[in-house]
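To be precise, the following lines are query-v2.tsv, and they hold TSV, C-alpha atoms.
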```tsv
chain	number	residue	atom	x	y	z
A	401	MET	CA	-27.33	32.17	14.11
A	402	THR	CA	-29.06	29.98	16.65
A	403	PHE	CA	-32.22	27.97	16.23
A	404	PRO	CA	-35.16	27.89	16.69
A	405	LEU	CA	-35.82	31.00	14.63
A	406	GLY	CA	-39.08	31.85	16.35
A	407	TYR	CA	-41.02	32.02	13.07
A	408	THR	CA	-44.51	31.28	14.33
A	409	GLY	CA	-46.48	33.09	11.65
A	410	VAL	CA	-48.66	32.18	8.69
A	411	VAL	CA	-45.85	31.24	6.27
A	412	SER	CA	-44.05	28.90	8.66
A	413	GLY	CA	-47.38	27.20	9.49
A	414	LEU	CA	-48.24	26.74	5.81
A	415	VAL	CA	-44.77	25.44	4.87
A	416	SER	CA	-44.60	22.98	7.78
A	417	GLY	CA	-48.14	21.78	7.08
A	418	LEU	CA	-47.55	21.37	3.33
A	419	ILE	CA	-44.58	19.05	3.87
A	420	PHE	CA	-46.50	17.17	6.58
A	421	GLY	CA	-49.54	16.58	4.36
A	422	TYR	CA	-47.49	15.77	1.27
A	423	ALA	CA	-45.46	13.14	3.16
A	424	LEU	CA	-48.49	11.58	4.90
A	425	GLU	CA	-50.47	11.24	1.67
A	426	ASN	CA	-47.50	9.71	-0.17
A	427	ALA	CA	-47.03	7.28	2.74
A	428	GLY	CA	-50.59	6.06	2.13
A	429	PHE	CA	-51.90	7.49	5.40
A	430	ALA	CA	-55.04	8.83	3.69
A	431	SER	CA	-56.47	5.31	3.80
A	432	ALA	CA	-58.23	3.91	6.86
A	433	CYS	CA	-57.52	0.43	5.52
A	434	LYS	CA	-53.78	1.08	5.38
A	435	LEU	CA	-53.65	2.79	8.80
A	436	THR	CA	-55.64	0.13	10.64
A	437	ALA	CA	-53.79	-2.72	8.88
A	438	GLN	CA	-50.91	-1.81	11.23
A	439	LEU	CA	-53.20	-2.41	14.21
A	440	ARG	CA	-54.01	-5.88	12.79
A	441	PHE	CA	-50.27	-6.48	12.06
A	442	GLN	CA	-51.01	-6.90	8.34
A	443	ASP	CA	-48.90	-3.93	7.20
A	444	TRP	CA	-45.97	-2.37	9.08
A	445	ALA	CA	-45.82	0.88	7.10
A	446	VAL	CA	-47.28	3.02	9.93
A	447	PHE	CA	-44.64	1.82	12.38
A	448	LYS	CA	-41.83	2.25	9.83
A	449	VAL	CA	-42.88	5.74	8.73
A	450	MET	CA	-43.41	7.02	12.29
A	451	PHE	CA	-40.30	5.43	13.76
A	452	THR	CA	-38.11	6.66	10.88
A	453	ALA	CA	-39.52	10.19	11.20
A	454	ILE	CA	-38.94	10.20	14.97
A	455	LEU	CA	-35.35	8.96	14.53
A	456	VAL	CA	-34.50	11.44	11.75
A	457	SER	CA	-35.93	14.37	13.65
A	458	ALA	CA	-34.47	13.35	17.03
A	459	THR	CA	-31.01	12.80	15.49
A	460	GLY	CA	-31.19	16.15	13.71
A	461	LEU	CA	-32.15	17.96	16.93
A	462	TYR	CA	-29.35	16.15	18.80
A	463	LEU	CA	-26.76	17.18	16.22
A	464	LEU	CA	-27.95	20.81	16.10
A	465	GLN	CA	-27.72	20.98	19.89
A	466	ALA	CA	-24.34	19.21	20.01
A	467	LEU	CA	-22.97	21.72	17.49
A	468	GLY	CA	-24.26	24.59	19.58
A	469	LEU	CA	-26.63	25.77	16.85
A	470	MET	CA	-29.80	25.16	18.87
A	471	SER	CA	-30.64	25.88	22.48
A	472	ALA	CA	-32.40	22.90	24.06
A	473	SER	CA	-34.36	25.15	26.43
A	474	ASP	CA	-36.17	26.78	23.49
A	475	ILE	CA	-37.58	23.46	22.24
A	476	TYR	CA	-41.00	22.47	23.54
A	477	ILE	CA	-40.97	19.17	25.45
A	478	PRO	CA	-44.34	17.90	26.74
A	479	THR	CA	-44.69	16.79	30.38
A	480	VAL	CA	-46.16	13.46	31.50
A	481	PHE	CA	-49.41	13.38	33.44
A	482	LEU	CA	-49.51	9.66	34.01
A	483	TRP	CA	-53.24	8.96	33.64
A	484	ALA	CA	-54.00	11.72	31.18
A	485	THR	CA	-51.10	10.96	28.82
A	486	LEU	CA	-51.70	7.20	28.87
A	487	LEU	CA	-55.53	7.27	28.74
A	488	GLY	CA	-55.54	10.01	26.10
A	489	GLY	CA	-53.36	7.73	24.00
A	490	VAL	CA	-55.85	4.92	24.65
A	491	GLY	CA	-58.65	7.19	23.40
A	492	VAL	CA	-56.82	8.20	20.23
A	493	GLY	CA	-55.82	4.56	19.58
A	494	ALA	CA	-59.39	3.35	20.17
A	495	GLY	CA	-60.62	6.12	17.87
A	496	MET	CA	-58.33	4.90	15.09
A	497	SER	CA	-59.38	1.26	15.42
A	498	ILE	CA	-63.08	2.27	15.43
A	499	GLY	CA	-63.08	5.13	12.93
A	500	GLY	CA	-59.94	4.45	10.87
A	501	TYR	CA	-57.96	7.66	11.46
A	502	CYS	CA	-56.35	9.99	13.95
A	503	PRO	CA	-56.90	13.79	13.90
A	504	GLY	CA	-54.17	14.61	11.34
A	505	THR	CA	-54.79	11.67	9.03
A	506	SER	CA	-58.55	12.36	8.90
A	507	VAL	CA	-57.71	15.70	7.22
A	508	VAL	CA	-55.38	13.88	4.79
A	509	ALA	CA	-58.13	11.31	4.07
A	510	PHE	CA	-60.76	13.95	3.37
A	511	CYS	CA	-58.36	15.88	1.12
A	512	SER	CA	-57.84	12.74	-0.98
A	513	GLY	CA	-61.62	12.46	-1.44
A	514	ARG	CA	-62.53	10.05	1.36
A	515	LEU	CA	-65.88	10.94	2.91
A	516	ASP	CA	-65.29	8.84	6.03
A	517	GLY	CA	-62.33	11.15	6.71
A	518	LEU	CA	-64.75	14.09	6.80
A	519	MET	CA	-67.10	12.19	9.15
A	520	PHE	CA	-64.15	11.39	11.45
A	521	PHE	CA	-63.19	15.07	11.43
A	522	LEU	CA	-66.74	16.09	12.43
A	523	GLY	CA	-66.53	13.45	15.17
A	524	LEU	CA	-63.34	15.11	16.47
A	525	VAL	CA	-65.21	18.39	16.92
A	526	LEU	CA	-68.09	16.58	18.68
A	527	GLY	CA	-65.72	14.71	21.00
A	528	THR	CA	-63.98	17.96	21.89
A	529	VAL	CA	-67.34	19.55	22.81
A	530	VAL	CA	-68.16	16.53	25.01
A	531	PHE	CA	-64.73	16.89	26.65
A	532	ALA	CA	-65.37	20.58	27.35
A	533	GLY	CA	-68.70	19.66	28.94
A	534	ALA	CA	-67.03	17.09	31.22
A	535	TYR	CA	-63.94	19.21	31.93
A	536	ASP	CA	-64.72	20.14	35.55
A	537	TRP	CA	-65.49	16.53	36.39
A	538	LEU	CA	-62.35	15.22	34.61
A	539	LYS	CA	-59.94	17.81	35.98
A	540	PRO	CA	-58.65	15.81	39.00
A	541	MET	CA	-57.74	12.90	36.70
A	542	LEU	CA	-56.18	15.17	34.07
A	543	GLU	CA	-53.78	16.72	36.58
A	544	ALA	CA	-53.03	13.56	38.59
A	545	LEU	CA	-49.53	12.08	38.92
A	546	PRO	CA	-47.50	14.64	36.97
A	547	GLY	CA	-44.01	13.54	35.99
A	548	PRO	CA	-40.93	15.77	36.13
A	549	GLN	CA	-41.37	18.91	34.00
A	550	ALA	CA	-40.42	18.26	30.34
A	551	GLN	CA	-38.77	14.94	31.14
A	552	THR	CA	-36.98	13.09	28.32
A	553	LEU	CA	-36.08	9.40	27.93
A	554	PRO	CA	-32.34	10.09	28.46
A	555	GLN	CA	-33.28	11.68	31.82
A	556	LEU	CA	-35.68	8.88	32.74
A	557	LEU	CA	-33.23	6.09	31.84
A	558	HIS	CA	-30.07	7.95	32.99
A	559	LEU	CA	-28.48	7.37	29.60
A	560	PRO	CA	-26.76	9.77	27.20
A	561	THR	CA	-28.93	10.94	24.30
A	562	TRP	CA	-26.78	9.15	21.70
A	563	ALA	CA	-27.35	5.85	23.55
A	564	VAL	CA	-31.14	6.32	23.50
A	565	LEU	CA	-30.97	7.15	19.79
A	566	ALA	CA	-28.88	4.00	19.21
A	567	ILE	CA	-31.42	1.86	21.10
A	568	LEU	CA	-34.28	3.32	19.03
A	569	LEU	CA	-32.30	2.70	15.83
A	570	LEU	CA	-31.72	-0.93	16.85
A	571	ILE	CA	-35.46	-1.38	17.53
A	572	ALA	CA	-36.28	0.10	14.10
A	573	ILE	CA	-33.77	-2.19	12.36
A	574	ALA	CA	-34.98	-5.27	14.29
A	575	VAL	CA	-38.66	-4.63	13.49
A	576	GLY	CA	-37.76	-3.79	9.89
A	577	ARG	CA	-35.94	-7.11	9.45
A	578	MET	CA	-38.64	-9.16	11.19
A	579	THR	CA	-41.38	-7.69	9.02
A	580	ARG	CA	-39.45	-7.61	5.76
A	581	ARG	CA	-41.84	-10.11	4.18
A	582	ALA	CA	-44.79	-7.78	4.84
A	583	SER	CA	-46.38	-6.47	1.67
A	584	ASP	CA	-45.39	-2.83	2.29
A	585	ALA	CA	-41.71	-3.68	1.77
A	586	MET	CA	-42.38	-3.60	-1.98
A	587	PRO	CA	-44.18	-0.34	-2.59
A	588	ALA	CA	-43.82	-0.61	-6.35
A	589	SER	CA	-45.51	-4.00	-6.58
A	590	PRO	CA	-48.90	-3.97	-8.29
A	591	ALA	CA	-50.62	-5.61	-5.33
A	592	THR	CA	-49.56	-2.93	-2.86
A	593	ALA	CA	-50.05	-0.09	-5.27
A	594	ALA	CA	-53.57	-1.24	-5.90
A	595	ARG	CA	-54.45	-1.90	-2.30
A	596	GLY	CA	-53.18	1.31	-0.72
A	597	PRO	CA	-54.75	4.06	-2.78
A	598	MET	CA	-57.80	2.25	-4.21
A	599	PRO	CA	-61.14	3.34	-2.82
A	600	GLN	CA	-62.85	0.62	-0.86
A	601	GLY	CA	-66.06	0.66	-2.86
A	602	SER	CA	-69.21	-1.00	-1.70
B	951	MET	CA	-56.39	12.30	-13.64
B	952	THR	CA	-54.40	9.22	-14.56
B	953	PRO	CA	-56.40	6.00	-14.58
B	954	GLN	CA	-53.58	4.10	-12.87
B	955	PRO	CA	-52.58	5.82	-9.60
B	956	ARG	CA	-48.87	6.10	-8.86
B	957	PRO	CA	-47.49	3.77	-6.19
B	958	LEU	CA	-47.03	4.99	-2.64
B	959	TRP	CA	-43.58	5.94	-1.38
B	960	ASN	CA	-41.40	3.40	0.34
B	961	PRO	CA	-42.20	3.76	4.08
B	962	TYR	CA	-38.59	4.62	4.96
B	963	LEU	CA	-38.53	7.37	2.32
B	964	ALA	CA	-41.85	8.72	3.61
B	965	GLY	CA	-40.45	8.60	7.15
B	966	LEU	CA	-37.30	10.46	6.06
B	967	VAL	CA	-39.30	13.26	4.39
B	968	LEU	CA	-41.70	13.46	7.34
B	969	GLY	CA	-38.78	13.53	9.79
B	970	LEU	CA	-36.96	16.29	7.86
B	971	GLY	CA	-40.21	18.28	7.67
B	972	LEU	CA	-40.66	17.86	11.41
B	973	LEU	CA	-37.04	18.92	12.01
B	974	LEU	CA	-37.61	22.02	9.87
B	975	THR	CA	-40.70	22.80	11.96
B	976	PHE	CA	-38.63	22.63	15.16
B	977	VAL	CA	-35.92	24.82	13.59
B	978	LEU	CA	-38.50	27.41	12.48
B	979	THR	CA	-40.79	27.50	15.50
B	980	GLY	CA	-39.30	25.62	18.47
B	981	HIS	CA	-42.20	23.18	18.56
B	982	GLY	CA	-43.40	20.28	16.45
B	983	LEU	CA	-46.37	19.47	14.23
B	984	GLY	CA	-49.94	18.98	15.45
B	985	ALA	CA	-53.56	18.58	14.45
B	986	SER	CA	-55.92	18.37	17.43
B	987	GLY	CA	-55.02	21.89	18.55
B	988	PHE	CA	-56.86	23.08	15.45
B	989	THR	CA	-59.95	20.91	15.96
B	990	THR	CA	-60.10	22.18	19.54
B	991	ALA	CA	-60.02	25.81	18.38
B	992	LEU	CA	-62.65	24.95	15.76
B	993	ALA	CA	-64.89	23.24	18.34
B	994	ALA	CA	-64.56	26.23	20.67
B	995	SER	CA	-65.43	28.67	17.85
B	996	ALA	CA	-68.41	26.58	16.70
B	997	SER	CA	-69.62	26.33	20.28
B	998	LYS	CA	-69.28	30.11	20.70
B	999	THR	CA	-71.34	30.73	17.55
B	1000	LEU	CA	-74.11	28.28	18.48
B	1001	ALA	CA	-74.26	28.85	22.25
B	1002	PRO	CA	-72.35	32.02	23.23
B	1003	SER	CA	-73.36	32.22	26.87
B	1004	ALA	CA	-72.85	28.52	27.61
B	1005	THR	CA	-69.45	28.67	25.91
B	1006	ALA	CA	-68.36	31.70	27.90
B	1007	ALA	CA	-69.41	29.93	31.12
B	1008	ASN	CA	-67.61	26.69	30.24
B	1009	ALA	CA	-64.39	26.12	32.20
B	1010	TYR	CA	-62.55	24.77	29.14
B	1011	PHE	CA	-63.91	26.76	26.19
B	1012	GLY	CA	-64.56	29.98	28.11
B	1013	PRO	CA	-60.95	31.16	28.57
B	1014	MET	CA	-60.08	29.83	25.09
B	1015	THR	CA	-62.72	31.86	23.25
B	1016	ALA	CA	-62.53	35.00	25.39
B	1017	SER	CA	-59.58	36.57	23.61
B	1018	HIS	CA	-58.56	34.12	20.96
B	1019	ASN	CA	-59.14	34.06	17.22
B	1020	PRO	CA	-58.21	30.73	15.55
B	1021	LEU	CA	-56.76	32.61	12.54
B	1022	ASP	CA	-54.11	34.03	14.87
B	1023	SER	CA	-52.73	30.65	15.80
B	1024	TRP	CA	-49.91	28.87	14.03
B	1025	ILE	CA	-51.68	25.50	14.23
B	1026	THR	CA	-54.58	26.76	12.09
B	1027	TRP	CA	-52.21	27.64	9.25
B	1028	GLU	CA	-50.30	24.41	9.72
B	1029	VAL	CA	-53.52	22.38	9.31
B	1030	ILE	CA	-54.48	24.45	6.22
B	1031	GLY	CA	-51.03	23.55	4.86
B	1032	LEU	CA	-51.59	19.90	5.83
B	1033	ALA	CA	-54.86	19.86	3.87
B	1034	LEU	CA	-53.30	21.56	0.81
B	1035	GLY	CA	-50.23	19.30	0.88
B	1036	ALA	CA	-52.37	16.16	1.07
B	1037	LEU	CA	-54.65	17.44	-1.71
B	1038	ALA	CA	-51.68	18.27	-3.96
B	1039	SER	CA	-50.09	14.89	-3.35
B	1040	ALA	CA	-53.33	12.99	-4.01
B	1041	VAL	CA	-54.02	14.93	-7.24
B	1042	PHE	CA	-50.43	14.71	-8.59
B	1043	ALA	CA	-50.30	10.96	-7.95
B	1044	GLY	CA	-53.73	10.34	-9.49
B	1045	ARG	CA	-55.07	9.13	-6.16
B	1046	PHE	CA	-57.78	11.75	-5.61
B	1047	ARG	CA	-61.17	10.04	-5.83
B	1048	LEU	CA	-64.45	10.62	-4.03
B	1049	SER	CA	-64.80	7.40	-2.08
B	1050	LEU	CA	-65.58	5.74	1.19
B	1051	ASP	CA	-62.75	3.95	2.97
B	1052	GLY	CA	-63.10	1.92	6.16
B	1053	PRO	CA	-64.32	-1.56	7.05
B	1054	SER	CA	-65.36	-2.83	3.62
B	1055	ARG	CA	-67.57	-5.62	4.95
B	1056	LEU	CA	-69.98	-3.16	6.55
B	1057	PRO	CA	-72.68	-1.19	4.71
B	1058	ARG	CA	-71.97	2.48	3.87
B	1059	ALA	CA	-74.14	3.99	6.61
B	1060	ARG	CA	-72.50	1.86	9.30
B	1061	ARG	CA	-69.04	2.85	8.03
B	1062	LEU	CA	-69.89	6.55	8.19
B	1063	ALA	CA	-71.38	6.10	11.67
B	1064	LEU	CA	-68.24	4.29	12.88
B	1065	ALA	CA	-66.06	7.08	11.45
B	1066	LEU	CA	-68.11	9.66	13.39
B	1067	VAL	CA	-67.97	7.64	16.64
B	1068	GLY	CA	-64.25	6.94	16.21
B	1069	GLY	CA	-63.63	10.62	15.58
B	1070	ALA	CA	-65.51	11.58	18.75
B	1071	VAL	CA	-63.53	9.07	20.85
B	1072	SER	CA	-60.29	10.34	19.27
B	1073	GLY	CA	-61.18	14.01	19.79
B	1074	PHE	CA	-62.04	13.36	23.43
B	1075	GLY	CA	-58.85	11.34	23.96
B	1076	ALA	CA	-56.64	13.96	22.33
B	1077	ARG	CA	-57.92	16.58	24.81
B	1078	VAL	CA	-57.30	14.24	27.76
B	1079	SER	CA	-53.65	13.78	26.73
B	1080	LEU	CA	-53.16	17.38	25.54
B	1081	GLY	CA	-52.18	16.19	22.08
B	1082	CYS	CA	-52.81	13.60	19.38
B	1083	THR	CA	-50.68	11.23	17.32
B	1084	SER	CA	-49.03	14.22	15.61
B	1085	GLY	CA	-48.53	16.53	18.57
B	1086	LEU	CA	-47.57	14.00	21.24
B	1087	GLY	CA	-46.88	10.67	19.49
B	1088	LEU	CA	-44.73	12.06	16.68
B	1089	SER	CA	-43.49	15.49	17.84
B	1090	GLY	CA	-43.23	14.48	21.52
B	1091	SER	CA	-41.25	11.34	20.69
B	1092	ALA	CA	-39.03	13.33	18.29
B	1093	VAL	CA	-37.77	15.39	21.25
B	1094	LEU	CA	-37.44	12.07	23.14
B	1095	ALA	CA	-40.07	13.20	25.66
B	1096	THR	CA	-41.25	10.47	28.04
B	1097	ALA	CA	-44.78	11.76	27.43
B	1098	GLY	CA	-44.54	11.03	23.68
B	1099	PHE	CA	-43.59	7.40	24.20
B	1100	LEU	CA	-46.13	6.90	27.02
B	1101	PHE	CA	-48.83	8.23	24.68
B	1102	LEU	CA	-47.70	5.82	21.93
B	1103	ILE	CA	-47.87	2.87	24.37
B	1104	GLY	CA	-51.51	3.72	25.16
B	1105	PHE	CA	-52.24	4.43	21.49
B	1106	PHE	CA	-50.91	1.14	20.12
B	1107	GLY	CA	-52.18	-0.87	23.11
B	1108	ALA	CA	-55.79	0.22	22.67
B	1109	GLY	CA	-55.53	0.39	18.88
B	1110	VAL	CA	-54.25	-3.16	18.56
B	1111	GLY	CA	-56.70	-4.53	21.16
B	1112	ILE	CA	-59.80	-3.06	19.52
B	1113	GLY	CA	-58.29	-3.40	16.03
B	1114	LEU	CA	-57.98	-7.17	16.39
B	1115	LEU	CA	-61.54	-7.39	17.78
B	1116	MET	CA	-62.84	-5.58	14.68
B	1117	LYS	CA	-60.68	-7.52	12.23
B	1118	ARG	CA	-63.61	-9.45	10.70
B	1119	TYR	CA	-65.28	-6.26	9.45
B	1120	TRP	CA	-62.26	-5.36	7.32
B	1121	GLN	CA	-61.25	-7.05	4.07
```

Once more with this new file: its structure as structure tokens, please.
Amino acid sequence: MTFPLGYTGVVSGLVSGLIFGYALENAGFASACKLTAQLRFQDWAVFKVMFTAILVSATGLYLLQALGLMSASDIYIPTVFLWATLLGGVGVGAGMSIGGYCPGTSVVAFCSGRLDGLMFFLGLVLGTVVFAGAYDWLKPMLEALPGPQAQTLPQLLHLPTWAVLAILLLIAIAVGRMTRRASDAMPASPATAARGPMPQGS
Amino acid sequence: MTPQPRPLWNPYLAGLVLGLGLLLTFVLTGHGLGASGFTTALAASASKTLAPSATAANAYFGPMTASHNPLDSWITWEVIGLALGALASAVFAGRFRLSLDGPSRLPRARRLALALVGGAVSGFGARVSLGCTSGLGLSGSAVLATAGFLFLIGFFGAGVGIGLLMKRYWQ
């Protein structure tokens, strides 16, 4: 049997989403305070969760491909459009520092009872409508400076995939050690437990 | 509902579960997780309901709404799963509570307004980059795509810059 299986129906969507939402909520990503504390360098949980997830998934994909169980050409790899990719990231980052969330975490926030998560979600729909209105005007910028189709870091850096994975692992370990004193390193401590999930009442 | 909510997971454990879930998604479908694809479909559908002719004439929404029903797309079901998974987790851990998060030093109305504005900026940005933190930042980086890491550079650059400027409004 070779992967991917090509299951793109309702059940695969629900199963993937359930794990996604369950993990994000348990990571504390329903809280705008917790998410934006990373941007103020007060809490490194967002970096640690994301970097660990990227490493686990990338290593798993590498092993499946090395064992011949998965065909690399069937895996979707996004292509760089220099301005669009970078400035879109700027927009999503600015949106998080202003409104507290990103698209996925706003759903998680609302589903844990946070009303600002719902407002952020409504804002997403509004922003998308504004984008559609400006689409013709934006189009030259959106398509400018495309990179090579589906380029990966190993291709960009001319390194084998295992070497890129090793570099990412070293970065994760280095940041983890440097920020070990940060409060999120002790998830069971009363201070962290109280700060993460508590509603920020006014 | 327990009065004392359960502690959050260790970030490395949460990352491991999220990474395995993402790997499973790639194994099942050939692509990763996402979120803004759903809000885009929702915005297009809402626009079609409220202003059908303007939507059909729009260069972005027009082709999207001509033949497409959001219930046919994988991302819609994934986001429904995301919502149910987050709800289940919050309820099981005693963390579900109607509340208002955000910059605690600002009054409620200002916090809600900032959430709306931030959401609009984020929704616009996610269409510019053809993906959000989930679709490009997480799933793109998980396939080691240059685009995923370039997105994350822009995301953290702007997030940290504006985040530090707004620091005084948070606790």

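Between CA of Gln442 in chain A and CA of Arg1118 in chain B the interatomic distance comes to 13.1 Å.
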
Would you mind telling me which residue in A:Met578, A:Ala430, A:Ala466, A:Leu486 lies nearest to chain B when using all atoms listed in the file?
-> A:Leu486

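All protein, DNA and RNA residues at most 12 Å from (-60.0, 12.9, 36.5) are Phe481, Leu482, Trp483, Ala484, Thr485, Leu487, Gly488, Phe531, Ala534, Tyr535, Asp536, Trp537, Leu538, Lys539, Pro540, Met541, Leu542, Glu543, Ala544 and Leu545 of chain A; Val1078 and Ser1079 of chain B, using only C-alpha atoms.
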
Using only C-alpha atoms, find the one residue out of A:Ala566, A:Val410, A:Ala574, A:Ala432 that sits nearest to Cys502 in chain A.
->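 Residue with the minimum atom-to-atom distance to Cys502 in chain A: A:Ala432.
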
Near Phe429 in chain A, counting all atoms listed in the file, which residues have an atom at most 12 Å away, once you skip same-chain residues fewer than 5 positions from it, shown as a ChimeraX atom specification?
-> /A:420-424,434-438,443,445-447,449-450,496,500-512,514,517,596-597 /B:958-959,961,964-965,968,1036,1039-1040,1051

File dump, residues just selected, C-alpha atoms, as an mmCIF file, in the coordinates of the input:
```cif
data_model
loop_
_atom_site.group_PDB
_atom_site.id
_atom_site.type_symbol
_atom_site.label_atom_id
_atom_site.label_comp_id
_atom_site.auth_asym_id
_atom_site.auth_seq_id
_atom_site.Cartn_x
_atom_site.Cartn_y
_atom_site.Cartn_z
ATOM 1 C CA PHE A 420 -46.500 17.170 6.580
ATOM 2 C CA GLY A 421 -49.540 16.580 4.360
ATOM 3 C CA TYR A 422 -47.490 15.770 1.270
ATOM 4 C CA ALA A 423 -45.460 13.140 3.160
ATOM 5 C CA LEU A 424 -48.490 11.580 4.900
ATOM 6 C CA LYS A 434 -53.780 1.080 5.380
ATOM 7 C CA LEU A 435 -53.650 2.790 8.800
ATOM 8 C CA THR A 436 -55.640 0.130 10.640
ATOM 9 C CA ALA A 437 -53.790 -2.720 8.880
ATOM 10 C CA GLN A 438 -50.910 -1.810 11.230
ATOM 11 C CA ASP A 443 -48.900 -3.930 7.200
ATOM 12 C CA ALA A 445 -45.820 0.880 7.100
ATOM 13 C CA VAL A 446 -47.280 3.020 9.930
ATOM 14 C CA PHE A 447 -44.640 1.820 12.380
ATOM 15 C CA VAL A 449 -42.880 5.740 8.730
ATOM 16 C CA MET A 450 -43.410 7.020 12.290
ATOM 17 C CA MET A 496 -58.330 4.900 15.090
ATOM 18 C CA GLY A 500 -59.940 4.450 10.870
ATOM 19 C CA TYR A 501 -57.960 7.660 11.460
ATOM 20 C CA CYS A 502 -56.350 9.990 13.950
ATOM 21 C CA PRO A 503 -56.900 13.790 13.900
ATOM 22 C CA GLY A 504 -54.170 14.610 11.340
ATOM 23 C CA THR A 505 -54.790 11.670 9.030
ATOM 24 C CA SER A 506 -58.550 12.360 8.900
ATOM 25 C CA VAL A 507 -57.710 15.700 7.220
ATOM 26 C CA VAL A 508 -55.380 13.880 4.790
ATOM 27 C CA ALA A 509 -58.130 11.310 4.070
ATOM 28 C CA PHE A 510 -60.760 13.950 3.370
ATOM 29 C CA CYS A 511 -58.360 15.880 1.120
ATOM 30 C CA SER A 512 -57.840 12.740 -0.980
ATOM 31 C CA ARG A 514 -62.530 10.050 1.360
ATOM 32 C CA GLY A 517 -62.330 11.150 6.710
ATOM 33 C CA GLY A 596 -53.180 1.310 -0.720
ATOM 34 C CA PRO A 597 -54.750 4.060 -2.780
ATOM 35 C CA LEU B 958 -47.030 4.990 -2.640
ATOM 36 C CA TRP B 959 -43.580 5.940 -1.380
ATOM 37 C CA PRO B 961 -42.200 3.760 4.080
ATOM 38 C CA ALA B 964 -41.850 8.720 3.610
ATOM 39 C CA GLY B 965 -40.450 8.600 7.150
ATOM 40 C CA LEU B 968 -41.700 13.460 7.340
ATOM 41 C CA ALA B 1036 -52.370 16.160 1.070
ATOM 42 C CA SER B 1039 -50.090 14.890 -3.350
ATOM 43 C CA ALA B 1040 -53.330 12.990 -4.010
ATOM 44 C CA ASP B 1051 -62.750 3.950 2.970
#
```

Around the point (-53.1, 15.0, 22.7) in the file's coordinates, collect all residues with an atom within 10 Å, using only C-alpha atoms, and return them as a PyMOL selection string.
-> (chain A and resi 484-485+488-489+491-492+503) or (chain B and resi 984-987+1072-1087+1090+1098+1101)

In Å, rounded to a single decimal, give me how far CA of Ile1112 in chain B is from CA of Val1067 in chain B.
->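 Separating CA of Val1067 in chain B from CA of Ile1112 in chain B is a distance of 13.8 Å.
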
Atom pair CA of Ala1038 in chain B + CA of Ser416 in chain A, distance 14.5 Å
